[in-house]
Amino acid sequence: MQAYIISDGEFLTQRHAELKQLLVEFLSKHGFTIVQKTIERGELAFCRGCFDCWVKTPGECIMKDSIAEINHACMTSDVVIYLCPVVFGQFSANMKYAIDRWLPNMLPFFITRKDGSTMHSPRYSDYAAQIFLGYGEHLSPDEAQLFIDINQKHRSSVEVIIDHGSDAEILSMLDGVTLKRAGGAL
Amino acid sequence: MSENKKRVVLVSASPKVDQDWAVSAFLAKHGETILEDERITVESIMVRSTLLHHQTEQAFESLQSADAIVIIFPLYFFCMPAMLTRFLQDFAAKYPSCKNPSSVYAIVNCGFPEPEINQEAMRVIEQFSIQTGRSCGGGVMIGGGGMVIAAKDAPFMRPIFEQIDGLLARVKQNAISDQQAESRIASVAPKFPKFLYFIGGNAGWKSMARKNHLRPKELYRKPYNL
């Protein structure tokens with residue numbers, strides 16, 4: 001079993017180090033091999049919305065930087081954890097560069113979900129469990145809720161944890177997460 | 001006279017290479033026309049070229065001195081695209097607060113038919129406004145954004161342009177009268193059947209695949225299959 005932890009190189013705070021250590025210990029205890037990635041500023045190009053990953057090189061981004069390594073690890077792991085600084089209630093810039101370029105991993109076609117909302121079809125039969133662990137020094141309740149809504153309101157099989165400074169709370173929430181790949185709608 | 005003019009800055013944040021087919025760039029140009037008035041100066045910042053040509057310093061100065069900012073962007077993964085996130089994150093790091101009263105508005109468009117999907121992105125703009133000491137005036141959330149340019153003159157697109165023009169009229173009025181923006185958010189989509197939008201969209205992907213010498217079934221490739 002493999003777990004992939006993604007961090008933002010621009011927000012390597014003391015709390016980030018503590019959270020990463022907590023995750024490594026938790027995942028090791030559950031038998032995971034851990035692969036870590038820190039995204040540095042300028043390492044990834046931003047998604048330019050060309051859709052070549054859908055209609056020219058289906059399933060792969062046409063821009064050749066470290067996104068190929070990141071998407072390969074995301075798609076072949078059992079658990080992916082985004083250790084994510086929260087900025088304006090959403091992902092920090094470096095993290096968002098990687099998230100936007102996850103696009104090749106779904107199909108272009110629209111589907112209507114059970115609740116009537118529109119989504120793209122999945123490309124694969126199953127995906128790694130995705131956990132977004134949001135942290136920040138002075139997160140307001142509104143910002144924290146926005147980070148939860150961005151990730152959970154429109155997507156299936158995604159877990160969101162907000163760091164309030166308590167390791168025990170994080171571990172308790174991680175205990176409630178299913179740490180394996182899941183199928184179904186995105 | 002000119003020093004008394006109010007400054008409105010339109011931030012056009014489509015990451016697309018071909019800006020002629022970028023909805024945000026198209027709406028920014030439309031905005032320049034609608035906002036034209038002898039009492040205000042209007043400036044457009046193209047975030048893509050600003051970042052790629054390392055000209056953010058000048059753009060940040062313009063933003064910091066604006067009386068009103070209108071941020072126009074497409075929805076990427078239910079919030080701002082990475083490119084705009086980089087731009088605003090760096091701006092807020094350089095200018096964490098605003099000296100003069102200033103308001104922020106947004107026009108967000110998504111390819112899905114439901115405009116309400118943009119709601120979280122609008123809240124991100126509100127957070128940006130709060131954290132940089134500005135008031136948030138809301139804006140327009142557009143669904144079915146894939147049709148905005150191609151079908152701009154069609155009658156079923158009229159509600160979209162009515163809402164956008166209404167927002168821009170409010171931006172102008174608030175700027176000229178020094179009024180603090182009151183947050184109002186409109187949701188709008190083309191008056192077009194969803195099932196036809198789906199059929200057209202899905203056929204479009206297959207057509208693009210053929211132009212790239214791929215058979216439609218090749219769109220389903222799984223390069224990372226275990």
# chains A, B, ... in the order shown; residues from 1 in each chain; ligands from 1
call {"tool": "closest_atom_pairs", "arguments": {"of": "region 1-41 of chain A", "to": "region 169-183 of chain A", "cutoff": "10 Å", "atoms": "only C-alpha atoms", "output": "tab-separated table"}}
result
residue	atom	partner	partner_atom	distance
A:Met1	CA	A:Lys180	CA	8.6
A:Gln2	CA	A:Lys180	CA	9.6
A:Ala3	CA	A:Leu179	CA	9.1
A:Leu19	CA	A:Ile170	CA	8.8
A:Leu22	CA	A:Leu171	CA	8.1
A:Leu23	CA	A:Leu171	CA	8.5
A:Phe26	CA	A:Leu171	CA	7.7
A:Leu27	CA	A:Leu179	CA	9.3
A:His30	CA	A:Leu179	CA	9.2
A:Phe32	CA	A:Leu179	CA	9.8
call {"tool": "residues_around", "arguments": {"residues": "region 55-66 of chain A", "least_positions_apart": "3", "cutoff": "9 Å", "atoms": "only C-alpha atoms", "output": "VMD selection string"}}
result
(chain A and resid 43 to 45 47 51 to 52 69 to 71 101 to 108 123) or (chain B and resid 205 to 214 216 218 to 224)
call {"tool": "select_by_dssp", "arguments": {"residues": "region 11-164 of chain A", "states": "alpha helix (DSSP H)", "output": "compact mmCIF listing (two decimals) with C-alpha atoms, in the first residue's frame"}}
result
# COMPACT_ATOMS: atom_id res chain seq x y z
CA GLN A 14 6.80 24.65 11.90
CA ARG A 15 3.21 23.45 11.93
CA HIS A 16 3.63 21.93 8.48
CA ALA A 17 6.61 19.93 9.75
CA GLU A 18 4.60 18.73 12.75
CA LEU A 19 1.62 17.74 10.62
CA LYS A 20 3.82 15.90 8.14
CA GLN A 21 5.51 13.99 10.93
CA LEU A 22 2.10 13.12 12.36
CA LEU A 23 0.95 11.80 8.98
CA VAL A 24 4.11 9.80 8.39
CA GLU A 25 3.79 8.11 11.79
CA PHE A 26 0.07 7.44 11.32
CA LEU A 27 0.44 6.01 7.81
CA SER A 28 3.51 3.94 8.72
CA LYS A 29 1.60 2.43 11.62
CA ASP A 52 -5.14 18.60 -25.13
CA CYS A 53 -5.08 16.15 -22.20
CA TRP A 54 -8.59 15.16 -23.32
CA VAL A 55 -8.41 15.36 -27.13
CA ILE A 67 3.22 16.88 -13.38
CA ALA A 68 3.77 13.51 -15.09
CA GLU A 69 5.52 12.23 -11.94
CA ILE A 70 2.86 13.79 -9.68
CA ASN A 71 -0.12 12.44 -11.62
CA HIS A 72 1.48 9.00 -11.91
CA ALA A 73 1.94 8.89 -8.14
CA CYS A 74 -1.59 10.23 -7.53
CA MET A 75 -3.09 7.58 -9.77
CA THR A 76 -1.06 4.61 -8.55
CA ALA A 93 -0.95 28.68 -5.50
CA ASN A 94 1.63 25.87 -5.74
CA MET A 95 -0.94 23.32 -4.63
CA LYS A 96 -3.50 24.66 -7.09
CA TYR A 97 -1.03 24.29 -9.95
CA ALA A 98 -1.01 20.54 -9.25
CA ILE A 99 -4.76 20.28 -8.65
CA ASP A 100 -5.72 22.03 -11.89
CA PRO A 141 -14.17 29.95 10.66
CA ASP A 142 -15.47 31.28 7.31
CA GLU A 143 -12.22 30.44 5.55
CA ALA A 144 -12.12 26.96 7.05
CA GLN A 145 -15.72 26.31 6.02
CA LEU A 146 -15.02 27.57 2.52
CA PHE A 147 -12.08 25.17 2.18
CA ILE A 148 -14.37 22.32 3.26
CA ASP A 149 -17.11 23.37 0.82
CA ILE A 150 -14.76 23.73 -2.15
CA ASN A 151 -13.57 20.19 -1.66
CA GLN A 152 -16.62 18.35 -0.40
call {"tool": "select_by_dssp", "arguments": {"residues": "chain A", "states": "strand (DSSP E or B)", "output": "PyMOL selection string"}}
result
chain A and resi 2-8+33-39+79-87+90-91+106-112+118-122+126-127+129-135+158-162+182-183
call {"tool": "write_last_selection", "arguments": {"atoms": "N, CA and C atoms", "output": "short mmCIF file (atom, residue, chain, number, x, y, z; two decimals), in the first residue's frame"}}
result
data_model
loop_
_atom_site.label_atom_id
_atom_site.label_comp_id
_atom_site.auth_asym_id
_atom_site.auth_seq_id
_atom_site.Cartn_x
_atom_site.Cartn_y
_atom_site.Cartn_z
N GLN A 2 0.50 2.20 -0.83
CA GLN A 2 1.31 3.42 -0.95
C GLN A 2 0.50 4.67 -0.60
N ALA A 3 1.10 5.54 0.16
CA ALA A 3 0.49 6.85 0.46
C ALA A 3 1.40 7.93 -0.12
N TYR A 4 0.78 8.93 -0.73
CA TYR A 4 1.53 10.01 -1.38
C TYR A 4 1.17 11.31 -0.66
N ILE A 5 2.16 11.98 -0.10
CA ILE A 5 1.91 13.23 0.63
C ILE A 5 2.48 14.39 -0.18
N ILE A 6 1.63 15.35 -0.50
CA ILE A 6 2.05 16.51 -1.29
C ILE A 6 2.07 17.75 -0.41
N SER A 7 3.19 18.48 -0.44
CA SER A 7 3.32 19.72 0.35
C SER A 7 3.63 20.90 -0.58
N ASP A 8 3.44 22.10 -0.03
CA ASP A 8 3.74 23.33 -0.77
C ASP A 8 5.05 23.92 -0.23
N THR A 33 3.65 2.40 2.62
CA THR A 33 4.91 2.95 2.14
C THR A 33 4.62 4.40 1.78
N ILE A 34 5.48 5.31 2.20
CA ILE A 34 5.16 6.73 2.02
C ILE A 34 6.07 7.37 0.99
N VAL A 35 5.46 8.04 0.03
CA VAL A 35 6.21 8.82 -0.95
C VAL A 35 5.86 10.28 -0.71
N GLN A 36 6.86 11.15 -0.64
CA GLN A 36 6.59 12.56 -0.35
C GLN A 36 7.00 13.44 -1.53
N LYS A 37 6.23 14.48 -1.71
CA LYS A 37 6.53 15.44 -2.79
C LYS A 37 6.32 16.86 -2.26
N THR A 38 7.29 17.71 -2.49
CA THR A 38 7.13 19.12 -2.16
C THR A 38 7.17 19.92 -3.45
N ILE A 39 6.11 20.64 -3.71
CA ILE A 39 6.03 21.43 -4.95
C ILE A 39 6.64 22.80 -4.70
N VAL A 79 -3.63 6.13 -1.20
CA VAL A 79 -4.08 7.34 -0.49
C VAL A 79 -3.23 8.52 -0.96
N VAL A 80 -3.88 9.63 -1.25
CA VAL A 80 -3.14 10.87 -1.56
C VAL A 80 -3.54 11.92 -0.54
N ILE A 81 -2.55 12.50 0.11
CA ILE A 81 -2.85 13.54 1.11
C ILE A 81 -2.24 14.86 0.65
N TYR A 82 -3.10 15.84 0.49
CA TYR A 82 -2.65 17.19 0.15
C TYR A 82 -2.51 17.94 1.47
N LEU A 83 -1.28 18.18 1.85
CA LEU A 83 -1.01 18.95 3.08
C LEU A 83 -1.00 20.41 2.65
N CYS A 84 -2.16 21.02 2.78
CA CYS A 84 -2.45 22.21 1.96
C CYS A 84 -2.60 23.52 2.75
N PRO A 85 -1.74 24.49 2.50
CA PRO A 85 -1.96 25.81 3.09
C PRO A 85 -3.27 26.39 2.54
N VAL A 86 -4.06 26.98 3.41
CA VAL A 86 -5.33 27.58 2.97
C VAL A 86 -5.10 29.07 2.74
N VAL A 87 -5.37 29.53 1.53
CA VAL A 87 -5.19 30.94 1.17
C VAL A 87 -6.52 31.46 0.61
N GLN A 90 -9.15 28.89 -0.11
CA GLN A 90 -8.94 27.83 -1.12
C GLN A 90 -7.50 27.33 -1.05
N PHE A 91 -7.08 26.60 -2.07
CA PHE A 91 -5.72 26.06 -2.10
C PHE A 91 -4.71 27.17 -2.31
N MET A 106 -9.63 12.68 -15.55
CA MET A 106 -11.07 12.47 -15.78
C MET A 106 -11.36 12.62 -17.27
N LEU A 107 -12.55 12.24 -17.67
CA LEU A 107 -12.95 12.33 -19.08
C LEU A 107 -13.64 13.67 -19.34
N PRO A 108 -13.66 14.10 -20.60
CA PRO A 108 -14.31 15.38 -20.87
C PRO A 108 -15.83 15.33 -20.77
N PHE A 109 -16.41 14.14 -20.91
CA PHE A 109 -17.86 14.05 -21.06
C PHE A 109 -18.62 14.42 -19.79
N PHE A 110 -19.73 15.12 -20.00
CA PHE A 110 -20.59 15.52 -18.89
C PHE A 110 -21.46 14.35 -18.44
N ILE A 111 -21.70 14.27 -17.15
CA ILE A 111 -22.73 13.37 -16.63
C ILE A 111 -23.55 14.16 -15.61
N THR A 112 -24.77 13.68 -15.39
CA THR A 112 -25.60 14.29 -14.33
C THR A 112 -25.59 13.36 -13.13
N THR A 118 -23.97 18.65 -12.47
CA THR A 118 -23.14 18.17 -13.58
C THR A 118 -21.73 17.88 -13.10
N MET A 119 -21.13 16.85 -13.67
CA MET A 119 -19.73 16.54 -13.38
C MET A 119 -19.15 15.86 -14.62
N HIS A 120 -17.82 15.74 -14.65
CA HIS A 120 -17.19 14.97 -15.72
C HIS A 120 -17.16 13.50 -15.33
N SER A 121 -17.16 12.63 -16.33
CA SER A 121 -17.10 11.18 -16.08
C SER A 121 -15.71 10.81 -15.57
N PRO A 122 -15.64 9.76 -14.75
CA PRO A 122 -14.31 9.28 -14.35
C PRO A 122 -13.60 8.59 -15.52
N ASP A 126 -11.31 3.20 -10.49
CA ASP A 126 -11.19 3.63 -9.10
C ASP A 126 -10.03 4.62 -8.93
N TYR A 127 -10.05 5.31 -7.82
CA TYR A 127 -9.07 6.37 -7.54
C TYR A 127 -8.58 6.25 -6.10
N ALA A 129 -7.89 7.22 -2.31
CA ALA A 129 -8.60 8.04 -1.33
C ALA A 129 -7.89 9.39 -1.27
N GLN A 130 -8.66 10.47 -1.33
CA GLN A 130 -8.03 11.81 -1.32
C GLN A 130 -8.37 12.52 -0.01
N ILE A 131 -7.33 12.98 0.64
CA ILE A 131 -7.52 13.73 1.90
C ILE A 131 -6.89 15.11 1.74
N PHE A 132 -7.67 16.14 2.00
CA PHE A 132 -7.15 17.50 1.97
C PHE A 132 -7.01 17.98 3.41
N LEU A 133 -5.77 18.12 3.86
CA LEU A 133 -5.55 18.59 5.23
C LEU A 133 -5.15 20.07 5.15
N GLY A 134 -6.08 20.93 5.50
CA GLY A 134 -5.85 22.37 5.37
C GLY A 134 -5.25 22.96 6.64
N TYR A 135 -4.23 23.79 6.47
CA TYR A 135 -3.64 24.44 7.64
C TYR A 135 -3.32 25.90 7.33
N VAL A 158 -13.98 12.35 -1.13
CA VAL A 158 -12.93 13.29 -0.73
C VAL A 158 -13.12 13.61 0.76
N GLU A 159 -12.05 13.56 1.52
CA GLU A 159 -12.13 13.90 2.93
C GLU A 159 -11.39 15.22 3.16
N VAL A 160 -11.94 16.05 4.02
CA VAL A 160 -11.29 17.32 4.35
C VAL A 160 -11.08 17.40 5.86
N ILE A 161 -9.88 17.74 6.24
CA ILE A 161 -9.57 17.93 7.66
C ILE A 161 -8.96 19.31 7.80
N ILE A 162 -9.45 20.06 8.77
CA ILE A 162 -8.88 21.39 9.04
C ILE A 162 -8.05 21.30 10.32
N ALA A 182 -11.18 3.99 -4.11
CA ALA A 182 -12.65 3.92 -4.21
C ALA A 182 -13.09 4.16 -5.65
N GLY A 183 -14.17 3.52 -6.05
CA GLY A 183 -14.71 3.72 -7.40
C GLY A 183 -15.88 4.68 -7.37
#
call {"tool": "closest_residue", "arguments": {"among": "B:His30, B:Lys16, B:Arg184, B:His54", "to": "chain A", "atoms": "only C-alpha atoms"}}
result
B:Lys16
call {"tool": "atom_distance", "arguments": {"atom1": "CA of Arg158 (chain B)", "atom2": "CA of Pro190 (chain B)"}}
result
7.7 Å
call {"tool": "residues_around", "arguments": {"residues": "Trp21 (chain B)", "least_positions_apart": "2", "cutoff": "12 Å", "atoms": "only C-alpha atoms", "output": "compact mmCIF listing (two decimals) with C-alpha atoms, in the first residue's frame"}}
result
# COMPACT_ATOMS: atom_id res chain seq x y z
CA GLY A 49 -7.17 25.12 -20.39
CA CYS A 50 -6.11 23.75 -23.77
CA SER B 14 -8.17 33.24 -18.44
CA PRO B 15 -5.09 31.01 -18.69
CA LYS B 16 -5.81 30.14 -22.34
CA VAL B 17 -3.07 30.61 -24.94
CA ASP B 18 -5.50 31.88 -27.55
CA GLN B 19 -7.03 34.87 -25.77
CA VAL B 23 -14.36 34.19 -22.25
CA SER B 24 -12.69 36.28 -19.53
CA ALA B 25 -10.70 38.31 -22.07
CA PHE B 26 -13.82 38.76 -24.17
CA LEU B 27 -15.80 39.99 -21.16
CA GLY B 145 -19.79 29.52 -20.19
CA GLY B 146 -18.70 27.49 -23.19
CA MET B 147 -21.35 29.28 -25.23
CA VAL B 148 -20.58 32.88 -24.30
CA ILE B 149 -18.37 33.75 -27.27
CA ALA B 150 -19.67 31.38 -29.94
